[in-house]
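**Q** Below is the structure I would like to discuss, written out as structure tokens.
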Amino acid sequence: EKITVSVIKADIGSVAGHSTVPDEIKALAEKKLNEAKEKGIIIDFRVFNAGDDLELVMTHRKGVDSEEIHGLAWETFKACAEKAKELKLYAAGQDLLKEAFSGNVRGLGPGVAEMEFTERPAEPIIVFMMDKTEPGAFNLPIFRMFADPFNTAGLVIDPSMHQGFRFEVWDIKEHKRVMLSTPEEMYDLLALIGSKGRYVIKRVYPKEGGKLPADEPVAVVSTEKLFEIAGEYVGKDDPVAIVRAQSGLPAVGEVLEAFAFPHLVSGWMRGSHNGPLMPVPFRYSKCTRFDGPPRVIAAGFQLCNGKLIGPVDMFDDPAFDYTRQKAMEICDYIRRHGPFEPHRLPHEEMEYTTLPKVLKKLEARFEKI
Ligand code: 13P
Ligand code: 13P
Ligand code: MG
Ligand code: MG
Ligand code: MG
């Protein structure tokens with residue numbers, strides 16, 4: 001029987017401003033999920049915060065898009081949002097954009113990454129959780145893990161990975177998707193995913209004839225775009241991803257190596273700026289400088305019949321100090337641009353922010369030249 005890992009997340013309110021989730025909210029989420037575990041709805045769970053986002057990691061046997069699991073997440077977020085309102089937390093209920101639950105949380109505000117697969121004799125998984133950025137922030141590291149031989153030695157030296165992988169890429173504006181295989185279509189893949197605000201890696205699959213079933217994903221990313229639901233800026237999407245590792249897949253260290261370069265992502269202050277993605281330990285999962293910089297935490301587990309052994313706080317290591325140092329140098333450099341591009345996002349991407357309201361006032365003062 002297959003196992004499903006579901007990571008469902010939402011910003012339901014935070015302290016101070018958009019920094020972090022207070023302990024009493026996480027404790028309430030844990031209480032709710034523990035009740036569900038006792039009833040046998042889920043096998044196991046862990047609650048995290050990525051900056052100001054509340055993250056529910058759940059294992060179960062109900063498959064993806066399960067009404068029961070999504071309903072549980074929705075009810076948990078609702079209860080936490082109530083508590084957040086009581087505590088007058090900042091932006092209480094921020095990502096709960098619709099009133100009524102209708103079968104699953106997609107389109108209601110929360111972000112979802114989930115996959116169903118056959119649990120291997122040893123099944124290492126890493127759950128990545130980001131704050132102050134968008135789903136396309138995963139394009140570069142996921143590409144690196146599964147397609148770049150300079151990141152992943154196994155692509156070259158391990159016969160069980162040598163054939164490469166298949167990438168499911170979504171056009172999140174036109175709501176279309178395409179499957180591309182690497183290494184043979186690597187340049188086509190890069191032609192799309194370099195436009196990380198438009199084309200996002202949704203899933204990665206093994207190829208046919210390999211060690212793993214070709215129809216079971218090995219990585220999945222949440223791709224919900226909040227502005228499409230709300231029609232205006234309501235914070236960033238702050239994506240999550242689940243990556244399986246080892247035995248025909250990148251080693252855990254190859255998966256993590258993809259985050260050793262603090263690449264520029266969009267988000268940060270008011271969701272309107274480019275900045276470096278900084279990998280941090282759980283204890284630094286709070287956003288401070290200029291509401292950032294954008295950051296990512298990594299929770300490592302072994303699955304044991306659905307039970308979560310872990311988490312291991314994977315970025316809690318001096319091995320990532322240099323990346324963090326580099327990220328802060330980039331912060332200092334790019335921040336000095338103030339309101340200028342390319343620190344501030346390009347004009348077209350400011351469409352859903354509050355900038356158009358400012359520009360509207362000036363419209364009448366323009367004269368023809
Ligand atoms: P160990 O000998 O520490 O198990 O390392 C195995 C390995 O392949 C690391 O990439
Ligand atoms: P969040 O999406 O993390 O709430 O960020 C909102 C924001 O505008 C930060 O400056
Ligand atoms: Mg927020
Ligand atoms: Mg957030
Ligand atoms: Mg957000």
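How things are named: the first chain in the structure tokens is A, the next is B, and so on; residues count from 1 in each chain; ligands count from 1 in the order shown.
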Would you name the residues within 10 Å of ligand 4, counting only C-alpha atoms and all ligand atoms, and put them as an MDAnalysis selection string?

**A** chainID A and resid 9:14 18:21 49:54 94:95 130:134 235:239 267:268 271 286:287 291:292 294

**Q** Grab the residues selected above and save them as a PDB file, in the first residue's frame with C-alpha atoms.

**A**
ATOM      1  CA  LYS A   9       0.932  25.550   4.575  1.00  0.00           C
ATOM      2  CA  ALA A  10      -0.594  28.953   5.157  1.00  0.00           C
ATOM      3  CA  ASP A  11       0.248  32.282   6.719  1.00  0.00           C
ATOM      4  CA  ILE A  12      -2.501  32.652   9.312  1.00  0.00           C
ATOM      5  CA  GLY A  13      -0.943  35.568  11.206  1.00  0.00           C
ATOM      6  CA  SER A  14       2.427  36.394  12.707  1.00  0.00           C
ATOM      7  CA  HIS A  18       5.610  39.303   9.044  1.00  0.00           C
ATOM      8  CA  SER A  19       8.524  37.725  11.047  1.00  0.00           C
ATOM      9  CA  THR A  20       7.492  34.439  12.601  1.00  0.00           C
ATOM     10  CA  VAL A  21       4.719  32.204  13.981  1.00  0.00           C
ATOM     11  CA  ASN A  49       7.179  27.515  10.750  1.00  0.00           C
ATOM     12  CA  ALA A  50       9.008  28.957   7.791  1.00  0.00           C
ATOM     13  CA  GLY A  51       9.192  32.592   8.817  1.00  0.00           C
ATOM     14  CA  ASP A  52       5.551  33.645   9.221  1.00  0.00           C
ATOM     15  CA  ASP A  53       4.124  30.563   7.477  1.00  0.00           C
ATOM     16  CA  LEU A  54       2.572  27.681   9.425  1.00  0.00           C
ATOM     17  CA  GLN A  94      -3.748  36.324   5.763  1.00  0.00           C
ATOM     18  CA  ASP A  95      -3.681  33.318   3.389  1.00  0.00           C
ATOM     19  CA  MET A 130      10.650  28.886   2.131  1.00  0.00           C
ATOM     20  CA  ASP A 131       9.462  32.290   3.251  1.00  0.00           C
ATOM     21  CA  LYS A 132       9.368  35.658   1.433  1.00  0.00           C
ATOM     22  CA  THR A 133       9.531  34.226  -2.059  1.00  0.00           C
ATOM     23  CA  GLU A 134       7.578  32.484  -4.842  1.00  0.00           C
ATOM     24  CA  GLY A 235       1.778  38.506   0.566  1.00  0.00           C
ATOM     25  CA  LYS A 236       4.044  36.079  -1.240  1.00  0.00           C
ATOM     26  CA  ASP A 237       3.304  32.423  -1.938  1.00  0.00           C
ATOM     27  CA  ASP A 238       6.201  31.169   0.204  1.00  0.00           C
ATOM     28  CA  PRO A 239       6.499  27.726  -1.408  1.00  0.00           C
ATOM     29  CA  GLY A 267       9.816  38.308  -2.836  1.00  0.00           C
ATOM     30  CA  TRP A 268      11.414  39.891   0.226  1.00  0.00           C
ATOM     31  CA  GLY A 271       6.874  40.806  -2.190  1.00  0.00           C
ATOM     32  CA  LYS A 286      12.198  34.244  11.150  1.00  0.00           C
ATOM     33  CA  CYS A 287      12.420  37.186   8.784  1.00  0.00           C
ATOM     34  CA  ASP A 291      11.436  41.523   6.108  1.00  0.00           C
ATOM     35  CA  GLY A 292      13.935  38.914   5.011  1.00  0.00           C
ATOM     36  CA  PRO A 294      14.144  35.249   1.657  1.00  0.00           C
TER      37      PRO A 294
END

**Q** Residues of stretch 211-315 of chain A within 10 Å of stretch 113-126 of chain A: nearest atom pair and distance (Å, one decimal) for each, counting only C-alpha atoms, sorted by chain and number, as CSV?

**A**
residue,atom,partner,partner_atom,distance
A:Leu212,CA,A:Thr118,CA,9.2
A:Pro213,CA,A:Thr118,CA,8.5
A:Asp215,CA,A:Phe117,CA,8.8
A:Glu216,CA,A:Phe117,CA,5.5
A:Pro217,CA,A:Met115,CA,6.6
A:Val218,CA,A:Met115,CA,8.1
A:Ala219,CA,A:Met115,CA,7.9
A:Val220,CA,A:Ala113,CA,5.8
A:Val221,CA,A:Ala113,CA,5.3
A:Ser222,CA,A:Ala113,CA,4.7
A:Thr223,CA,A:Ala113,CA,8.1
A:Glu224,CA,A:Ala113,CA,9.7
A:Pro239,CA,A:Ala113,CA,8.6
A:Val240,CA,A:Ala113,CA,6.4
A:Ala241,CA,A:Ala113,CA,5.9
A:Ile242,CA,A:Ile126,CA,5.9
A:Val243,CA,A:Ile126,CA,5.3
A:Arg244,CA,A:Ile125,CA,4.4
A:Ala245,CA,A:Pro124,CA,5.5
A:Gln246,CA,A:Pro124,CA,7.0
A:Ser247,CA,A:Ala122,CA,8.7
A:Ala251,CA,A:Pro124,CA,9.1
A:Val252,CA,A:Pro124,CA,7.6
A:Val255,CA,A:Ile126,CA,8.3
A:Leu256,CA,A:Ile126,CA,8.9
A:Ile297,CA,A:Ile126,CA,9.9
A:Ala298,CA,A:Ile126,CA,6.3
A:Ala299,CA,A:Ile126,CA,5.5
A:Gly300,CA,A:Ile126,CA,4.5
A:Phe301,CA,A:Ile125,CA,5.4
A:Gln302,CA,A:Pro124,CA,4.5
A:Leu303,CA,A:Glu123,CA,5.4
A:Cys304,CA,A:Glu123,CA,7.7
A:Asn305,CA,A:Glu119,CA,7.2
A:Gly306,CA,A:Glu119,CA,8.0
A:Leu308,CA,A:Ile125,CA,9.6
A:Ile309,CA,A:Pro124,CA,9.4
A:Pro311,CA,A:Ile126,CA,9.1
A:Val312,CA,A:Ile126,CA,9.1
A:Asp313,CA,A:Ile126,CA,9.9
A:Met314,CA,A:Ile126,CA,8.6

**Q** Could you please take those selected residues and save N, CA and C atoms as a compact mmCIF listing (two decimals), in the first residue's frame?

**A**
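Once everything was written out, this is part_24.txt:
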# COMPACT_ATOMS: atom_id res chain seq x y z
N LEU A 212 13.18 2.91 -10.03
CA LEU A 212 11.96 3.37 -9.37
C LEU A 212 10.79 3.41 -10.35
N PRO A 213 9.54 3.22 -9.86
CA PRO A 213 8.38 3.29 -10.75
C PRO A 213 8.29 4.66 -11.42
N ASP A 215 5.89 6.23 -12.68
CA ASP A 215 4.67 7.04 -12.46
C ASP A 215 4.58 7.60 -11.04
N GLU A 216 5.62 7.38 -10.23
CA GLU A 216 5.60 7.93 -8.87
C GLU A 216 6.60 9.08 -8.76
N PRO A 217 6.13 10.28 -8.39
CA PRO A 217 7.04 11.43 -8.35
C PRO A 217 8.15 11.25 -7.32
N VAL A 218 9.27 11.92 -7.58
CA VAL A 218 10.38 11.89 -6.63
C VAL A 218 10.63 13.28 -6.03
N ALA A 219 9.95 14.28 -6.58
CA ALA A 219 9.99 15.63 -5.99
C ALA A 219 8.72 16.35 -6.40
N VAL A 220 8.24 17.23 -5.52
CA VAL A 220 7.03 18.02 -5.83
C VAL A 220 7.14 19.39 -5.16
N VAL A 221 6.63 20.41 -5.84
CA VAL A 221 6.72 21.79 -5.35
C VAL A 221 5.31 22.38 -5.30
N SER A 222 5.02 23.20 -4.29
CA SER A 222 3.73 23.91 -4.26
C SER A 222 3.79 25.05 -5.26
N THR A 223 2.74 25.22 -6.05
CA THR A 223 2.79 26.23 -7.12
C THR A 223 1.64 27.23 -7.06
N GLU A 224 0.94 27.27 -5.93
CA GLU A 224 -0.20 28.18 -5.81
C GLU A 224 0.26 29.64 -5.91
N PRO A 239 6.74 29.11 -0.98
CA PRO A 239 6.50 27.73 -1.41
C PRO A 239 7.19 26.67 -0.54
N VAL A 240 6.73 25.44 -0.71
CA VAL A 240 7.32 24.28 -0.05
C VAL A 240 7.58 23.20 -1.09
N ALA A 241 8.49 22.28 -0.76
CA ALA A 241 8.77 21.17 -1.67
C ALA A 241 9.12 19.93 -0.86
N ILE A 242 8.83 18.77 -1.44
CA ILE A 242 9.25 17.50 -0.84
C ILE A 242 10.18 16.82 -1.86
N VAL A 243 11.33 16.37 -1.39
CA VAL A 243 12.29 15.70 -2.27
C VAL A 243 12.68 14.36 -1.65
N ARG A 244 12.57 13.28 -2.45
CA ARG A 244 13.03 11.96 -1.99
C ARG A 244 14.49 11.81 -2.42
N ALA A 245 15.26 10.99 -1.67
CA ALA A 245 16.70 10.89 -1.93
C ALA A 245 17.21 9.46 -1.88
N GLN A 246 18.40 9.28 -2.42
CA GLN A 246 19.19 8.03 -2.36
C GLN A 246 18.62 6.91 -3.25
N SER A 247 19.45 5.90 -3.49
CA SER A 247 19.07 4.68 -4.23
C SER A 247 18.33 4.96 -5.54
N ALA A 251 21.72 11.73 -3.75
CA ALA A 251 22.00 11.51 -2.32
C ALA A 251 21.51 12.72 -1.54
N VAL A 252 21.27 12.55 -0.25
CA VAL A 252 20.82 13.67 0.58
C VAL A 252 21.78 14.86 0.43
N VAL A 255 21.17 16.66 -2.74
CA VAL A 255 19.94 17.45 -2.64
C VAL A 255 20.22 18.77 -1.92
N LEU A 256 21.00 18.70 -0.84
CA LEU A 256 21.30 19.91 -0.06
C LEU A 256 22.29 20.83 -0.77
N ILE A 297 14.28 26.59 5.04
CA ILE A 297 14.70 25.58 6.01
C ILE A 297 14.52 24.20 5.38
N ALA A 298 15.24 23.22 5.91
CA ALA A 298 15.16 21.85 5.38
C ALA A 298 15.00 20.88 6.54
N ALA A 299 13.92 20.09 6.51
CA ALA A 299 13.67 19.08 7.54
C ALA A 299 13.89 17.70 6.92
N GLY A 300 14.86 16.97 7.46
CA GLY A 300 15.18 15.64 6.93
C GLY A 300 14.52 14.54 7.74
N PHE A 301 13.97 13.54 7.04
CA PHE A 301 13.31 12.41 7.71
C PHE A 301 13.68 11.10 7.03
N GLN A 302 13.57 10.00 7.76
CA GLN A 302 13.41 8.67 7.18
C GLN A 302 11.97 8.28 7.42
N LEU A 303 11.31 7.71 6.40
CA LEU A 303 9.95 7.22 6.60
C LEU A 303 10.02 5.78 7.10
N CYS A 304 9.17 5.44 8.06
CA CYS A 304 9.10 4.07 8.55
C CYS A 304 7.63 3.67 8.58
N ASN A 305 7.16 3.07 7.50
CA ASN A 305 5.73 2.73 7.34
C ASN A 305 4.85 3.96 7.60
N GLY A 306 5.29 5.06 7.10
CA GLY A 306 4.52 6.30 7.24
C GLY A 306 4.90 7.11 8.46
N LEU A 308 7.23 9.29 10.77
CA LEU A 308 8.31 10.21 10.45
C LEU A 308 9.43 10.08 11.48
N ILE A 309 10.58 9.55 11.06
CA ILE A 309 11.74 9.49 11.94
C ILE A 309 12.54 10.77 11.68
N PRO A 311 12.46 15.27 12.85
CA PRO A 311 13.28 15.85 11.79
C PRO A 311 14.75 16.07 12.17
N VAL A 312 15.58 16.10 11.14
CA VAL A 312 16.94 16.61 11.27
C VAL A 312 16.95 18.00 10.65
N ASP A 313 17.48 18.95 11.37
CA ASP A 313 17.55 20.34 10.91
C ASP A 313 18.77 20.46 9.98
N MET A 314 18.53 20.22 8.67
CA MET A 314 19.64 19.97 7.75
C MET A 314 20.56 21.18 7.50

**Q** Neighbours of A:Thr76 within 7 Å (only C-alpha atoms; same-chain residues fewer than 3 positions away dropped), as a list in words?

**A**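 The residues that qualify are Ala29, Lys32, Leu72, Ala73, Ala79 and Cys80 of chain A.
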
**Q** Give me a file of those residues, with all heavy atoms, as a PDB file, in the first residue's frame.

**A**
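Output file again-v9.pdb is given in full below:
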ATOM      1  N   ALA A  29      -1.862  23.981  16.454  1.00  0.00           N
ATOM      2  CA  ALA A  29      -1.834  23.135  15.243  1.00  0.00           C
ATOM      3  C   ALA A  29      -1.438  21.703  15.614  1.00  0.00           C
ATOM      4  O   ALA A  29      -2.035  20.731  15.127  1.00  0.00           O
ATOM      5  CB  ALA A  29      -0.864  23.721  14.217  1.00  0.00           C
ATOM      6  N   LYS A  32      -4.398  19.882  17.194  1.00  0.00           N
ATOM      7  CA  LYS A  32      -5.386  19.480  16.176  1.00  0.00           C
ATOM      8  C   LYS A  32      -4.908  18.246  15.405  1.00  0.00           C
ATOM      9  O   LYS A  32      -5.679  17.320  15.154  1.00  0.00           O
ATOM     10  CB  LYS A  32      -5.622  20.634  15.184  1.00  0.00           C
ATOM     11  CG  LYS A  32      -6.311  21.829  15.795  1.00  0.00           C
ATOM     12  CD  LYS A  32      -7.812  21.625  15.817  1.00  0.00           C
ATOM     13  CE  LYS A  32      -8.488  22.685  16.661  1.00  0.00           C
ATOM     14  NZ  LYS A  32      -9.838  22.293  17.086  1.00  0.00           N
ATOM     15  N   LEU A  72      -8.800  18.570   7.028  1.00  0.00           N
ATOM     16  CA  LEU A  72      -8.101  18.631   8.317  1.00  0.00           C
ATOM     17  C   LEU A  72      -7.163  19.846   8.351  1.00  0.00           C
ATOM     18  O   LEU A  72      -7.128  20.597   9.336  1.00  0.00           O
ATOM     19  CB  LEU A  72      -7.303  17.332   8.526  1.00  0.00           C
ATOM     20  CG  LEU A  72      -6.299  17.300   9.674  1.00  0.00           C
ATOM     21  CD1 LEU A  72      -7.011  17.455  11.018  1.00  0.00           C
ATOM     22  CD2 LEU A  72      -5.495  15.993   9.633  1.00  0.00           C
ATOM     23  N   ALA A  73      -6.412  20.050   7.262  1.00  0.00           N
ATOM     24  CA  ALA A  73      -5.496  21.199   7.188  1.00  0.00           C
ATOM     25  C   ALA A  73      -6.295  22.504   7.259  1.00  0.00           C
ATOM     26  O   ALA A  73      -5.948  23.426   8.001  1.00  0.00           O
ATOM     27  CB  ALA A  73      -4.671  21.142   5.906  1.00  0.00           C
ATOM     28  N   ALA A  79      -8.787  27.252  12.862  1.00  0.00           N
ATOM     29  CA  ALA A  79      -8.679  27.350  14.323  1.00  0.00           C
ATOM     30  C   ALA A  79      -7.495  28.236  14.706  1.00  0.00           C
ATOM     31  O   ALA A  79      -7.594  29.080  15.612  1.00  0.00           O
ATOM     32  CB  ALA A  79      -8.531  25.956  14.927  1.00  0.00           C
ATOM     33  N   CYS A  80      -6.383  28.058  13.998  1.00  0.00           N
ATOM     34  CA  CYS A  80      -5.184  28.869  14.287  1.00  0.00           C
ATOM     35  C   CYS A  80      -5.425  30.333  13.936  1.00  0.00           C
ATOM     36  O   CYS A  80      -4.947  31.236  14.645  1.00  0.00           O
ATOM     37  CB  CYS A  80      -3.971  28.318  13.540  1.00  0.00           C
ATOM     38  SG  CYS A  80      -3.426  26.725  14.183  1.00  0.00           S
TER      39      CYS A  80
END

**Q** Which is closer to A:Phe143 than all the others in A:Trp74, A:Phe259, A:Phe101, A:Tyr90, using only C-alpha atoms?

**A**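 Selected residue with least distance to A:Phe143: A:Phe259.
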
**Q** Between A:Thr59, A:Gly310, A:Leu89, A:Glu75, which has the minimum distance to A:Glu24 (counting only C-alpha atoms)?

**A** A:Leu89

**Q** Looking at A:Leu56, A:Val15, A:Val156, A:Ala327, which one is nearest to ligand 3, with distances taken over only C-alpha atoms and all ligand atoms?

**A** A:Val15

**Q** Using DSSP on the backbone coordinates, identify all residues within stretch 184-282 of chain A classified as strand (DSSP E); present the result as a list in words.

**A**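 DSSP on the backbone gives strand (DSSP E) at Tyr199, Val200, Ile201, Lys202, Arg203, Val204, Tyr205, Pro206, Ala219, Val220, Val221, Val240, Ala241, Ile242, Val243, Arg244, Leu264, Val265, Ser266, Gly267, His273, Asn274, Gly275, Pro276, Met278 and Pro279 of chain A.
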
**Q** Using backbone DSSP assignments, extract all helix (DSSP H, G or I) residues from stretch 150-296 of chain A; output them as a list in words.

**A**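 Residues meeting the helix (DSSP H, G or I) criterion: Gly154, Leu155, Val156, Ile157, Met186, Tyr187, Asp188, Leu189, Leu190, Ala191, Leu192, Ile193, Leu226, Phe227, Glu228, Ile229, Ala230, Val252, Gly253, Glu254, Val255, Leu256, Glu257, Met269, Arg270, Gly271, Phe282, Arg283 and Tyr284 of chain A.
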
**Q** Return the single residue from A:Arg144, A:Lys196, A:Arg295, A:Arg270 that is closest to ligand 3, with distances computed using only C-alpha atoms and all ligand atoms.

**A**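 Using only C-alpha atoms and all ligand atoms, the shortest distance to ligand 3 belongs to A:Arg270.
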
**Q** Fewer than 3 positions away in the same chain doesn't count, so skip those; otherwise give me all residues within 9 Å of A:Arg106, counting only C-alpha atoms, as number ranges by chain.

**A** A: 65, 70, 103, 109-112, 224

**Q** Any chance you can output those residues with C-alpha atoms as a short mmCIF file (atom, residue, chain, number, x, y, z; two decimals), in the first residue's frame?

**A**
data_model
loop_
_atom_site.label_atom_id
_atom_site.label_comp_id
_atom_site.auth_asym_id
_atom_site.auth_seq_id
_atom_site.Cartn_x
_atom_site.Cartn_y
_atom_site.Cartn_z
CA ASP A 65 -6.05 15.75 -2.97
CA HIS A 70 -7.20 18.87 3.02
CA GLY A 103 -13.19 19.37 -1.29
CA GLY A 109 -5.03 30.31 -0.35
CA PRO A 110 -2.92 27.59 1.34
CA GLY A 111 0.04 26.07 -0.56
CA VAL A 112 0.24 22.31 -1.14
CA GLU A 224 -0.20 28.18 -5.81
#

**Q** What is the distance between atom CA of A:Ala36 and atom CA of A:Val105, in Å to one decimal?

**A** 17.5 Å

**Q** Just how far from atom CA of A:Asp171 is atom CA of A:Pro149, in Å to one decimal?

**A**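 Computing it gives 25.8 Å between the two atoms.
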
**Q** Please provide the set of residues having any atom within 7 Å of A:Ile43, restricted to only C-alpha atoms, with same-chain residues fewer than 2 positions apart removed, written as a list in words.

**A**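 Close residues of A:Ile43: Lys37, Gly40, Ile41, Thr59, His60, Gly306 and Lys307 of chain A.
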
**Q** Please produce a file of the residues just selected, as a compact mmCIF listing (two decimals), in the first residue's frame, where the atoms kept are N, CA and C atoms.

**A**
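Written out: part20.txt:
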# COMPACT_ATOMS: atom_id res chain seq x y z
N LYS A 37 -4.41 12.24 14.41
CA LYS A 37 -3.54 11.05 14.45
C LYS A 37 -4.18 9.97 15.34
N GLY A 40 -6.74 8.10 13.71
CA GLY A 40 -6.27 7.27 12.60
C GLY A 40 -6.43 7.92 11.23
N ILE A 41 -6.72 9.23 11.18
CA ILE A 41 -6.86 9.93 9.89
C ILE A 41 -5.49 10.11 9.24
N THR A 59 1.65 12.50 7.10
CA THR A 59 1.71 11.27 6.32
C THR A 59 0.41 10.50 6.51
N HIS A 60 -0.03 9.81 5.47
CA HIS A 60 -1.31 9.09 5.51
C HIS A 60 -1.40 8.15 4.31
N GLY A 306 5.29 5.06 7.10
CA GLY A 306 4.52 6.30 7.24
C GLY A 306 4.90 7.11 8.46
N LYS A 307 5.54 6.48 9.43
CA LYS A 307 5.99 7.21 10.61
C LYS A 307 7.19 8.09 10.21

**Q** Which one is closest to ligand 1: A:Asp158, A:Asp316, A:Glu351, A:Glu38? Count only C-alpha atoms and all ligand atoms.

**A**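 Residue with the minimum atom-to-atom distance to ligand 1: A:Asp158.
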